[in-house]
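Visitor: Here you go, start_15.txt (compact mmCIF, C-alpha atoms):
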# COMPACT_ATOMS: atom_id res chain seq x y z
CA GLY A 1 -47.40 110.24 2.08
CA MET A 2 -47.30 110.34 -1.72
CA ILE A 3 -50.94 109.34 -2.01
CA ILE A 4 -52.04 112.16 0.31
CA GLY A 5 -50.03 114.77 -1.62
CA THR A 6 -51.10 113.67 -5.11
CA TRP A 7 -54.74 113.09 -4.20
CA ILE A 8 -55.04 116.60 -2.82
CA LEU A 9 -53.22 118.15 -5.80
CA GLY A 10 -55.37 116.08 -8.17
CA GLY A 11 -58.56 117.31 -6.51
CA VAL A 12 -59.59 113.85 -5.28
CA VAL A 13 -59.75 114.74 -1.57
CA PRO A 14 -61.29 118.21 -2.25
CA THR A 15 -63.97 116.54 -4.39
CA MET A 16 -64.82 114.09 -1.59
CA ILE A 17 -65.17 117.04 0.82
CA TYR A 18 -67.21 119.05 -1.69
CA TYR A 19 -69.84 116.37 -2.32
CA GLY A 20 -69.73 115.07 1.25
CA LEU A 21 -70.78 118.48 2.58
CA GLN A 22 -73.83 118.39 0.32
CA ILE A 23 -74.86 114.79 1.03
CA LEU A 24 -74.13 114.08 4.71
CA SER A 25 -76.13 115.57 7.57
CA PRO A 26 -74.95 116.03 11.19
CA ALA A 27 -77.36 113.34 12.47
CA ILE A 28 -75.87 110.48 10.44
CA PHE A 29 -72.40 111.86 9.85
CA LEU A 30 -70.48 110.07 12.61
CA VAL A 31 -72.08 106.69 11.87
CA ALA A 32 -71.41 107.19 8.15
CA THR A 33 -67.80 108.20 8.88
CA ALA A 34 -67.09 105.03 10.88
CA ILE A 35 -68.72 102.83 8.22
CA ILE A 36 -66.95 104.52 5.28
CA CYS A 37 -63.56 104.24 6.97
CA SER A 38 -64.29 100.61 7.87
CA VAL A 39 -65.03 99.72 4.25
CA VAL A 40 -62.00 101.55 2.84
CA SER A 41 -59.66 100.12 5.46
CA LEU A 42 -61.08 96.63 5.01
CA ALA A 43 -60.40 96.86 1.28
CA THR A 44 -56.92 98.39 1.52
CA GLY A 45 -55.75 96.74 4.75
CA SER A 46 -54.26 100.02 5.92
CA SER A 47 -55.54 102.32 8.67
CA TRP A 48 -52.85 104.85 7.74
CA THR A 49 -53.92 105.10 4.08
CA THR A 50 -57.57 105.32 5.14
CA ALA A 51 -56.93 108.18 7.58
CA GLY A 52 -54.70 110.00 5.11
CA THR A 53 -57.25 109.99 2.27
CA VAL A 54 -60.95 109.60 3.10
CA GLY A 55 -60.15 110.46 6.74
CA ILE A 56 -58.91 113.92 5.81
CA ALA A 57 -61.94 114.43 3.58
CA LEU A 58 -64.37 113.38 6.31
CA LEU A 59 -62.59 115.60 8.82
CA GLY A 60 -63.25 118.53 6.50
CA VAL A 61 -66.89 117.58 6.10
CA GLY A 62 -67.29 117.29 9.87
CA GLN A 63 -65.79 120.73 10.40
CA GLY A 64 -68.17 122.14 7.84
CA LEU A 65 -71.12 120.54 9.65
CA GLY A 66 -69.99 122.00 12.98
CA ILE A 67 -69.02 118.72 14.67
CA PRO A 68 -65.93 118.92 16.93
CA VAL A 69 -62.83 117.55 15.22
CA ALA A 70 -61.96 115.32 18.21
CA ILE A 71 -65.25 113.41 17.82
CA VAL A 72 -64.85 113.14 14.04
CA ALA A 73 -61.27 111.91 14.43
CA GLY A 74 -62.47 109.29 16.94
CA ALA A 75 -64.99 107.95 14.41
CA ILE A 76 -62.30 107.91 11.70
CA ILE A 77 -59.89 105.98 13.95
CA SER A 78 -62.60 103.48 14.93
CA GLY A 79 -63.49 102.72 11.32
CA ALA A 80 -59.88 102.68 10.13
CA TYR A 81 -58.80 100.19 12.79
CA PHE A 82 -61.80 97.93 12.24
CA GLY A 83 -60.60 97.35 8.68
CA ASP A 84 -56.96 97.24 9.75
CA LYS A 85 -57.81 94.34 12.09
CA MET A 86 -60.17 92.44 9.82
CA SER A 87 -58.50 92.75 6.41
CA PRO A 88 -56.38 89.81 5.17
CA LEU A 89 -54.14 92.45 3.54
CA SER A 90 -53.23 94.09 6.84
CA ASP A 91 -49.71 93.48 8.13
CA THR A 92 -50.79 93.06 11.77
CA THR A 93 -53.60 90.71 10.73
CA ASN A 94 -50.96 88.48 9.15
CA LEU A 95 -48.43 88.99 11.94
CA ALA A 96 -50.68 87.97 14.86
CA PRO A 97 -51.53 84.45 13.62
CA ALA A 98 -47.90 83.97 12.58
CA MET A 99 -46.83 84.67 16.17
CA ALA A 100 -49.57 82.52 17.72
CA GLY A 101 -49.39 79.66 15.23
CA SER A 102 -52.93 79.98 13.88
CA ASN A 103 -54.33 80.14 10.36
CA LEU A 104 -54.94 83.60 8.85
CA PHE A 105 -58.58 83.12 7.89
CA ASP A 106 -59.41 81.19 11.06
CA HIS A 107 -57.91 84.15 12.92
CA ILE A 108 -60.08 86.65 11.02
CA ARG A 109 -63.25 84.61 11.63
CA HIS A 110 -62.41 84.35 15.32
CA MET A 111 -61.76 88.11 15.55
CA ALA A 112 -65.15 88.85 14.01
CA LEU A 113 -66.74 87.54 17.21
CA THR A 114 -65.17 90.33 19.28
CA THR A 115 -64.58 93.08 16.73
CA GLY A 116 -68.04 92.86 15.15
CA PRO A 117 -69.97 93.49 18.39
CA SER A 118 -67.47 96.20 19.34
CA LEU A 119 -68.14 98.03 16.08
CA LEU A 120 -71.93 97.71 16.51
CA ILE A 121 -71.70 99.21 20.01
CA ALA A 122 -69.49 102.00 18.65
CA LEU A 123 -71.99 102.78 15.86
CA VAL A 124 -74.82 102.99 18.39
CA LEU A 125 -72.79 105.44 20.48
CA TYR A 126 -71.96 107.52 17.39
CA GLY A 127 -75.67 107.52 16.55
CA PHE A 128 -76.52 108.91 20.00
CA ILE A 129 -73.87 111.61 19.69
CA GLY A 130 -75.09 112.45 16.19
CA MET A 131 -78.59 113.03 17.57
CA ARG A 132 -77.16 115.83 19.72
CA TYR A 133 -76.16 117.65 16.54
CA ALA A 134 -79.26 116.74 14.50
CA GLY A 135 -81.31 119.65 15.79
CA GLN A 136 -78.61 122.29 15.56
CA SER A 137 -78.69 124.74 12.70
CA VAL A 138 -75.93 124.09 10.21
CA ASN A 139 -73.77 127.11 9.47
CA ASP A 140 -74.88 127.49 5.87
CA SER A 141 -72.64 130.49 5.28
CA GLN A 142 -69.54 128.58 6.43
CA ILE A 143 -70.44 125.61 4.23
CA ALA A 144 -70.99 127.99 1.31
CA ASP A 145 -67.58 129.55 1.95
CA ILE A 146 -65.92 126.10 2.00
CA LEU A 147 -67.69 125.02 -1.20
CA THR A 148 -66.69 128.27 -2.91
CA ALA A 149 -63.06 127.95 -1.80
CA LEU A 150 -62.92 124.36 -3.03
CA SER A 151 -64.55 125.11 -6.39
CA ASN A 152 -62.30 128.14 -6.92
CA GLY A 153 -59.14 126.29 -5.94
CA PHE A 154 -59.86 123.02 -7.75
CA ASN A 155 -61.71 121.67 -10.75
CA ILE A 156 -64.38 119.64 -8.94
CA ASN A 157 -65.65 116.70 -10.97
CA LEU A 158 -67.42 113.44 -10.13
CA LEU A 159 -64.77 111.58 -12.16
CA LEU A 160 -62.30 112.51 -9.43
CA LEU A 161 -63.96 109.94 -7.18
CA LEU A 162 -62.56 107.20 -9.45
CA PRO A 163 -59.08 106.88 -7.84
CA PRO A 164 -60.33 105.63 -4.44
CA VAL A 165 -62.81 103.34 -6.19
CA LEU A 166 -60.08 101.94 -8.45
CA VAL A 167 -57.65 101.45 -5.55
CA ILE A 168 -60.31 99.49 -3.66
CA ALA A 169 -61.05 97.49 -6.84
CA MET A 170 -57.35 96.65 -7.26
CA VAL A 171 -57.23 95.25 -3.74
CA ILE A 172 -60.48 93.31 -4.23
CA PHE A 173 -58.91 91.71 -7.32
CA LYS A 174 -55.95 90.74 -5.13
CA VAL A 175 -53.42 93.19 -6.48
CA PRO A 176 -50.73 93.25 -3.72
CA ALA A 177 -51.02 96.19 -1.33
CA ILE A 178 -47.85 98.08 -2.29
CA PRO A 179 -48.42 97.95 -6.08
CA GLY A 180 -52.04 98.94 -5.39
CA LEU A 181 -50.96 101.97 -3.39
CA ILE A 182 -48.38 102.93 -6.04
CA GLY A 183 -51.24 102.70 -8.53
CA GLY A 184 -53.12 105.17 -6.33
CA VAL A 185 -50.20 107.60 -6.54
CA LEU A 186 -50.10 107.29 -10.33
CA LEU A 187 -53.86 107.84 -10.57
CA GLY A 188 -53.62 110.93 -8.37
CA SER A 189 -50.79 112.26 -10.53
CA LEU A 190 -52.68 111.56 -13.76
CA PHE A 191 -55.82 113.26 -12.50
CA ALA A 192 -53.77 116.24 -11.28
CA VAL A 193 -52.49 116.77 -14.82
CA ALA A 194 -55.80 116.02 -16.57
CA PHE A 195 -58.21 117.92 -14.29
CA GLN A 196 -56.14 120.49 -12.38
CA GLY A 197 -53.69 121.44 -15.14
CA ALA A 198 -50.70 120.55 -12.96
CA ASP A 199 -47.32 120.13 -14.61
CA PHE A 200 -44.83 117.35 -13.96
CA GLY A 201 -42.82 119.44 -11.50
CA SER A 202 -45.89 120.21 -9.39
CA VAL A 203 -46.78 116.53 -9.22
CA ILE A 204 -43.27 115.60 -8.08
CA ASP A 205 -43.32 118.40 -5.48
CA ALA A 206 -46.69 117.25 -4.10
CA ALA A 207 -45.55 113.63 -3.96
CA ASN A 208 -42.26 114.51 -2.28
CA TYR A 209 -42.94 117.59 -0.15
CA GLY A 210 -46.74 117.54 0.08
CA PHE A 211 -49.42 119.93 -1.10
CA VAL A 212 -49.72 123.53 0.07
CA SER A 213 -53.26 124.89 -0.21
CA GLU A 214 -53.71 128.59 -1.07
CA THR A 215 -57.47 128.98 -1.44
CA GLY A 216 -57.53 131.96 0.93
CA LEU A 217 -59.91 130.25 3.39
CA GLU A 218 -57.93 129.30 6.52
CA LEU A 219 -60.04 126.27 7.42
CA VAL A 220 -59.60 124.73 3.96
CA ASP A 221 -55.92 125.65 3.70
CA ASN A 222 -55.11 124.13 7.10
CA LEU A 223 -56.95 120.96 6.14
CA LEU A 224 -55.43 120.48 2.69
CA SER A 225 -51.83 121.57 3.33
CA ARG A 226 -50.29 118.17 4.05
CA GLY A 227 -48.91 114.95 2.61
CA GLY A 228 -45.71 114.10 0.79
CA MET A 229 -43.00 111.50 1.23
CA GLN A 230 -40.81 113.86 3.26
CA ASP A 231 -43.63 114.45 5.74
CA MET A 232 -43.50 110.72 6.48
CA MET A 233 -39.77 110.71 7.23
CA TRP A 234 -40.23 111.69 10.88
CA THR A 235 -42.68 108.80 11.25
CA VAL A 236 -40.19 106.45 9.59
CA SER A 237 -37.44 107.64 11.94
CA LEU A 238 -39.78 107.08 14.89
CA ILE A 239 -40.44 103.51 13.68
CA ILE A 240 -36.69 102.83 13.38
CA THR A 241 -36.05 104.26 16.85
CA ALA A 242 -38.95 102.35 18.41
CA LEU A 243 -37.90 99.06 16.82
CA SER A 244 -34.29 99.57 17.94
CA PHE A 245 -35.37 100.43 21.48
CA GLY A 246 -37.79 97.51 21.58
CA GLY A 247 -35.11 95.15 20.31
CA ILE A 248 -32.79 96.21 23.13
CA LEU A 249 -35.52 95.74 25.74
CA GLU A 250 -36.35 92.30 24.38
CA SER A 251 -32.79 91.02 23.90
CA THR A 252 -31.73 92.14 27.38
CA GLY A 253 -34.72 90.33 28.86
CA MET A 254 -36.31 93.44 30.41
CA LEU A 255 -39.64 92.98 28.62
CA GLY A 256 -39.55 89.29 29.43
CA VAL A 257 -39.38 90.10 33.14
CA VAL A 258 -42.34 92.47 32.84
CA ALA A 259 -44.42 89.94 30.86
CA GLY A 260 -43.38 87.11 33.19
CA ASN A 261 -44.60 88.99 36.25
CA ILE A 262 -47.88 89.75 34.53
CA LEU A 263 -48.22 86.08 33.53
CA LYS A 264 -47.95 85.02 37.20
CA LEU A 265 -51.33 86.65 37.76
CA ALA A 266 -52.98 84.41 35.14
CA VAL A 267 -54.72 81.78 37.28
CA ASN A 268 -57.55 81.01 34.82
CA THR A 269 -58.55 81.62 31.21
CA GLY A 270 -60.07 85.03 31.92
CA SER A 271 -57.01 86.30 33.78
CA LEU A 272 -54.78 84.90 31.01
CA VAL A 273 -56.64 87.04 28.46
CA VAL A 274 -56.33 90.02 30.83
CA ALA A 275 -52.59 89.38 31.10
CA THR A 276 -52.30 89.29 27.30
CA VAL A 277 -54.30 92.50 26.84
CA VAL A 278 -52.37 94.35 29.55
CA SER A 279 -49.01 93.12 28.21
CA CYS A 280 -49.79 94.29 24.66
CA PHE A 281 -50.89 97.70 25.95
CA VAL A 282 -47.77 98.00 28.14
CA VAL A 283 -45.48 97.10 25.22
CA ASN A 284 -47.27 99.71 23.09
CA ILE A 285 -46.56 102.28 25.79
CA ILE A 286 -42.95 101.28 26.54
CA THR A 287 -41.66 100.63 23.02
CA GLY A 288 -43.93 102.95 21.04
CA GLU A 289 -44.28 100.39 18.25
CA GLN A 290 -47.40 98.46 17.22
CA TYR A 291 -45.58 95.49 15.72
CA LEU A 292 -43.65 94.80 18.91
CA SER A 293 -46.92 94.79 20.88
CA VAL A 294 -47.97 91.81 18.77
CA VAL A 295 -44.62 90.02 18.42
CA ILE A 296 -43.32 90.12 22.01
CA PRO A 297 -46.51 89.10 23.90
CA GLY A 298 -47.18 86.57 21.12
CA ARG A 299 -43.90 84.85 21.94
CA MET A 300 -44.37 85.22 25.69
CA PHE A 301 -47.88 83.76 25.94
CA LYS A 302 -47.86 81.09 23.22
CA ASP A 303 -46.95 78.26 25.61
CA ALA A 304 -49.31 79.55 28.34
CA TYR A 305 -52.31 79.26 26.01
CA ALA A 306 -51.24 75.85 24.76
CA ASP A 307 -50.68 74.55 28.29
CA ARG A 308 -54.30 75.44 29.08
CA GLY A 309 -55.47 73.61 25.98
CA LEU A 310 -56.55 76.84 24.26
CA ALA A 311 -56.36 76.98 20.46
CA PRO A 312 -53.83 79.42 18.93
CA VAL A 313 -56.65 81.57 17.48
CA ASN A 314 -57.52 82.67 21.03
CA LEU A 315 -54.05 84.14 21.47
CA SER A 316 -53.88 85.72 18.00
CA ARG A 317 -57.29 87.36 18.60
CA ALA A 318 -56.24 88.70 22.01
CA LEU A 319 -53.05 90.14 20.49
CA GLU A 320 -55.04 92.13 17.94
CA ASP A 321 -57.83 93.03 20.37
CA SER A 322 -55.22 94.86 22.42
CA GLY A 323 -51.92 95.45 20.59
CA THR A 324 -53.28 96.58 17.22
CA ILE A 325 -56.31 98.39 18.56
CA THR A 326 -54.67 100.50 21.31
CA SER A 327 -51.66 101.71 19.31
CA PRO A 328 -53.30 104.91 17.91
CA LEU A 329 -54.36 106.00 21.41
CA ILE A 330 -50.74 106.55 22.52
CA PRO A 331 -49.17 109.82 21.24
CA TRP A 332 -45.58 108.52 21.15
CA ASN A 333 -46.54 105.25 19.50
CA THR A 334 -45.83 105.26 15.76
CA CYS A 335 -49.56 104.86 15.01
CA GLY A 336 -50.59 107.63 17.39
CA ALA A 337 -47.88 109.91 16.00
CA PHE A 338 -48.97 109.24 12.42
CA MET A 339 -52.63 109.92 13.17
CA TYR A 340 -51.72 113.12 15.01
CA GLY A 341 -49.59 114.31 12.10
CA THR A 342 -52.17 113.33 9.48
CA LEU A 343 -55.42 114.43 11.11
CA GLY A 344 -53.98 117.24 13.23
CA VAL A 345 -55.86 116.02 16.31
CA HIS A 346 -53.95 114.90 19.42
CA PRO A 347 -54.53 111.24 20.41
CA PHE A 348 -55.54 112.28 23.92
CA ALA A 349 -58.24 114.47 22.33
CA TYR A 350 -59.76 111.80 20.06
CA ALA A 351 -59.14 108.80 22.36
CA PRO A 352 -62.40 109.24 24.38
CA TYR A 353 -64.33 109.06 21.09
CA ALA A 354 -62.43 106.15 19.46
CA PHE A 355 -65.12 103.83 20.78
CA LEU A 356 -64.11 100.69 18.88
CA ASN A 357 -60.54 100.97 20.19
CA LEU A 358 -61.74 101.43 23.77
CA ILE A 359 -64.46 98.77 23.74
CA ASN A 360 -62.73 95.94 21.88
CA PRO A 361 -60.19 94.99 24.61
CA PHE A 362 -62.97 94.77 27.22
CA VAL A 363 -65.11 92.58 24.94
CA SER A 364 -62.12 90.27 24.56
CA ILE A 365 -61.66 90.14 28.35
CA PHE A 366 -65.38 89.48 28.84
CA TYR A 367 -65.19 86.52 26.45
CA GLY A 368 -62.17 85.22 28.36
CA PHE A 369 -63.99 85.14 31.69
CA THR A 370 -67.28 83.81 30.32
CA GLY A 371 -65.66 81.29 27.98
CA ILE A 372 -67.62 82.59 25.00
CA SER A 373 -65.89 81.47 21.77
CA MET A 374 -62.76 80.35 23.65
CA ILE A 375 -61.90 77.41 21.40
CA LYS A 376 -60.02 74.38 22.71
CA MET A 377 -57.08 72.86 20.83
CA THR A 378 -57.82 70.02 18.44
CA ASP A 379 -55.97 66.71 18.70
CA ALA A 380 -53.88 67.74 15.69
CA GLU A 381 -52.94 71.06 17.33
CA ILE A 382 -52.03 69.30 20.57
CA ALA A 383 -49.82 66.84 18.67
CA ALA A 384 -48.13 69.67 16.75
CA TYR A 385 -47.50 71.58 19.98
CA GLU A 386 -46.03 68.55 21.73
CA ALA A 387 -43.82 67.85 18.72
CA SER A 388 -42.55 71.45 18.69
CA LYS A 389 -41.74 71.24 22.40
CA HIS A 390 -39.77 68.01 21.93
CA HIS A 391 -37.96 69.56 18.96
CA SER A 392 -37.01 72.61 21.04
CA VAL A 393 -35.72 70.41 23.87
CA ALA A 394 -33.69 68.31 21.43
CA LYS A 395 -32.08 71.40 19.98
Reformat the file's structure so that it appears as structure tokens.
Guide:
Amino acid sequence: GMIIGTWILGGVVPTMIYYGLQILSPAIFLVATAIICSVVSLATGSSWTTAGTVGIALLGVGQGLGIPVAIVAGAIISGAYFGDKMSPLSDTTNLAPAMAGSNLFDHIRHMALTTGPSLLIALVLYGFIGMRYAGQSVNDSQIADILTALSNGFNINLLLLLPPVLVIAMVIFKVPAIPGLIGGVLLGSLFAVAFQGADFGSVIDAANYGFVSETGLELVDNLLSRGGMQDMMWTVSLIITALSFGGILESTGMLGVVAGNILKLAVNTGSLVVATVVSCFVVNIITGEQYLSVVIPGRMFKDAYADRGLAPVNLSRALEDSGTITSPLIPWNTCGAFMYGTLGVHPFAYAPYAFLNLINPFVSIFYGFTGISMIKMTDAEIAAYEASKHHSVAK
């Protein structure tokens, strides 16, 4: 929330929109959007930060190019969640192997086999859609109006592209995520003072309450009036409520009954993967919380995978191929609610165009039935599993 507010006040997001409108064309825009968001999210480990910074900028560029916001938002979500799944800095990427009992980097390598092809298919689809807009005449007058509004409202300067580059560099050099994001806030604040002439009070207001754009052009003002720590409080309250509700459902055994009935349908490896994917999606719907969709099915299915001799990385991959990836498609899920509040596009509107998020679970299921990359447990993993079972019985 603070990054969004300070980066808009500092002119960082407006600068990305300004130059993006002059560089990107409708034909390649959607493919470029998915790739840019993938890279940023991969570096930061956060789909939320990606959508709230470069996502907002790309949404503005897409509007200027005349591409429907639902399609643009779908490409943003696809790219943001590719990086969220594949980055070693992502919380869910660390959580899934912890629940399944696999190694973090083995988990990431195993996920690449499903997530990589899913992204390639998504990029091809975005390329086909982009071709539909390649021949249309760009509204030059609207773009000119947007560029004028941005240049009048902000001091546009190429140096303002440094904050996102430096944040990515901090993560590459293994600066922990939270200090790296705080560094992004400080950079946005510094650039707001240096380039936009903002005073200390304005910076604090933007960080706390968000930025209010007053360029006089409605499209730009609607796009740039957002951010702030307080704007995130409703999302935080939703997370607390969802976690509390999910905890009640789990501790009373209700979710266990649901997962147990689904598990009864798992008669082979393929149906076991289907059961995992469906369970994660159901938990996302019922509890409204992404983390629970990884934790609860991870606990429920750990023994089922081991009993079939399947390595833990198969379970951790299935958890992310369904729990992590479907969370932004559900409006009352914390991820869907955040994306709706940040991008201003309803999840049901962008869901048909979030191709990576739609394709990835089916690729995972396909691999389950065909046996592609379904790794068997090693002797060491079998011994560790047997030892853990004996330990549990002894306790």
Visitor: Just give me the gap between atom CA of A:Ala207 and atom CA of A:Ser38 in Å, one decimal is fine.
Guide: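 So the answer is 25.7 Å.
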Visitor: Tell me, as a VMD selection string, which residues lie within 9 Å of A:Asn157, counting only C-alpha atoms; anything in the same chain fewer than 6 positions away does not count.
Guide: chain A and resid 11 to 12 15 195
Visitor: Could those residues be written to a file, using C-alpha atoms, as a tab-separated table (two decimals), in the frame of the given file?
Guide:
chain	number	residue	atom	x	y	z
A	11	GLY	CA	-58.56	117.31	-6.51
A	12	VAL	CA	-59.59	113.85	-5.28
A	15	THR	CA	-63.97	116.54	-4.39
A	195	PHE	CA	-58.21	117.92	-14.29
Visitor: Using only C-alpha atoms, tabulate the residues of stretch 22-139 of chain A lying at most 7 Å from any atom of stretch 334-351 of chain A, each with its closest atom pair and that distance in Å to one decimal, by chain and increasing residue number, as CSV.
Guide:
residue,atom,partner,partner_atom,distance
A:Gly52,CA,A:Thr342,CA,6.0
A:Ile56,CA,A:Leu343,CA,6.4
A:Ala70,CA,A:Tyr350,CA,4.5
A:Ile71,CA,A:Tyr350,CA,6.1
A:Ala73,CA,A:Tyr350,CA,5.8
A:Gly74,CA,A:Tyr350,CA,4.8
Visitor: Let me see the file: selected residues, C-alpha atoms, as a tab-separated table (two decimals), keeping the file's coordinate frame.
Guide:
chain	number	residue	atom	x	y	z
A	52	GLY	CA	-54.70	110.00	5.11
A	56	ILE	CA	-58.91	113.92	5.81
A	70	ALA	CA	-61.96	115.32	18.21
A	71	ILE	CA	-65.25	113.41	17.82
A	73	ALA	CA	-61.27	111.91	14.43
A	74	GLY	CA	-62.47	109.29	16.94
Visitor: Go through A:Ile143, A:Ala242, A:Leu272, A:Ala98 one by one, measure the shortest atom-to-atom distance of each to A:Leu310 using only C-alpha atoms, and give the residue with the smallest value.
Guide: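 Nearest to A:Leu310: A:Leu272.
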Visitor: Which of these, A:Ala206, A:Val273, A:Val31, A:Ala43, has the shortest distance to A:Leu125 once you count all atoms listed in the file?
Guide: A:Val31
Visitor: When you look at A:Ile8 with a cut-off of 9 Å (counting all atoms listed in the file), what residues show up, excluding the ones that are within fewer than 3 positions of it in the same chain? I need them as a list in words.
Guide: Ile3, Ile4, Gly5, Gly11, Val12, Val13, Pro14, Thr53, Gly188, Ala192, Ala206, Gly210, Phe211, Ser213, Leu224, Ser225, Arg226 and Gly227 of chain A
Visitor: Include C-alpha atoms and write out the residues we just selected as a tab-separated table (two decimals), keeping the file's coordinate frame.
Guide:
chain	number	residue	atom	x	y	z
A	3	ILE	CA	-50.94	109.34	-2.01
A	4	ILE	CA	-52.04	112.16	0.31
A	5	GLY	CA	-50.03	114.77	-1.62
A	11	GLY	CA	-58.56	117.31	-6.51
A	12	VAL	CA	-59.59	113.85	-5.28
A	13	VAL	CA	-59.75	114.74	-1.57
A	14	PRO	CA	-61.29	118.21	-2.25
A	53	THR	CA	-57.25	109.99	2.27
A	188	GLY	CA	-53.62	110.93	-8.37
A	192	ALA	CA	-53.77	116.24	-11.28
A	206	ALA	CA	-46.69	117.25	-4.10
A	210	GLY	CA	-46.74	117.54	0.08
A	211	PHE	CA	-49.42	119.93	-1.10
A	213	SER	CA	-53.26	124.89	-0.21
A	224	LEU	CA	-55.43	120.48	2.69
A	225	SER	CA	-51.83	121.57	3.33
A	226	ARG	CA	-50.29	118.17	4.05
A	227	GLY	CA	-48.91	114.95	2.61
Visitor: Could you please determine the separation between atom CA of A:Arg317 and atom CA of A:Val167 in Å, to one decimal place?
Guide: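 A separation of 28.0 Å between them.
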Visitor: Which is closest to A:Tyr367 among A:Leu30, A:Ala318, A:Leu249, A:Leu147, if we use only C-alpha atoms?
Guide: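 Going through A:Leu30, A:Ala318, A:Leu249, A:Leu147 one by one, the smallest distance to A:Tyr367 is for A:Ala318.
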Visitor: Which is closer to A:Gly247 than all the others in A:Asn261, A:Thr287, A:Ser271, A:Thr370, using only C-alpha atoms?
Guide: A:Thr287
Visitor: Just the number, please: distance in Å from atom CA of A:Arg132 to atom CA of A:Ile67, one decimal.
Guide: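 Spanning atom CA of A:Arg132 to atom CA of A:Ile67 is a straight-line distance of 10.0 Å.
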Visitor: Extract, using only C-alpha atoms, all DNA, RNA and protein residues at most 7 Å from stretch 230-233 of chain A, discarding same-chain residues fewer than 3 positions from it, and format them as a PyMOL selection string.
Guide: chain A and resi 1+208-209+227+236-237
Visitor: When you look at A:Gly246 with a cut-off of 10 Å (counting only C-alpha atoms), what residues show up, excluding the ones that are within fewer than 2 positions of it in the same chain? I need them as an MDAnalysis selection string.
Guide: chainID A and resid 240:244 248:252 254:255 283:284 286:289 291:293 296
Visitor: Those same residues, written as a short mmCIF file (atom, residue, chain, number, x, y, z; two decimals), keeping the file's coordinate frame with C-alpha atoms?
Guide:
data_model
loop_
_atom_site.label_atom_id
_atom_site.label_comp_id
_atom_site.auth_asym_id
_atom_site.auth_seq_id
_atom_site.Cartn_x
_atom_site.Cartn_y
_atom_site.Cartn_z
CA ILE A 240 -36.69 102.83 13.38
CA THR A 241 -36.05 104.26 16.85
CA ALA A 242 -38.95 102.35 18.41
CA LEU A 243 -37.90 99.06 16.82
CA SER A 244 -34.29 99.57 17.94
CA ILE A 248 -32.79 96.21 23.13
CA LEU A 249 -35.52 95.74 25.74
CA GLU A 250 -36.35 92.30 24.38
CA SER A 251 -32.79 91.02 23.90
CA THR A 252 -31.73 92.14 27.38
CA MET A 254 -36.31 93.44 30.41
CA LEU A 255 -39.64 92.98 28.62
CA VAL A 283 -45.48 97.10 25.22
CA ASN A 284 -47.27 99.71 23.09
CA ILE A 286 -42.95 101.28 26.54
CA THR A 287 -41.66 100.63 23.02
CA GLY A 288 -43.93 102.95 21.04
CA GLU A 289 -44.28 100.39 18.25
CA TYR A 291 -45.58 95.49 15.72
CA LEU A 292 -43.65 94.80 18.91
CA SER A 293 -46.92 94.79 20.88
CA ILE A 296 -43.32 90.12 22.01
#
Visitor: Counting all atoms listed in the file, which residue out of A:Val363, A:Ala311, A:Leu89, A:Ala100 sits closest to A:Thr378?
Guide: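 For A:Thr378, the nearest of the given residues is A:Ala311.
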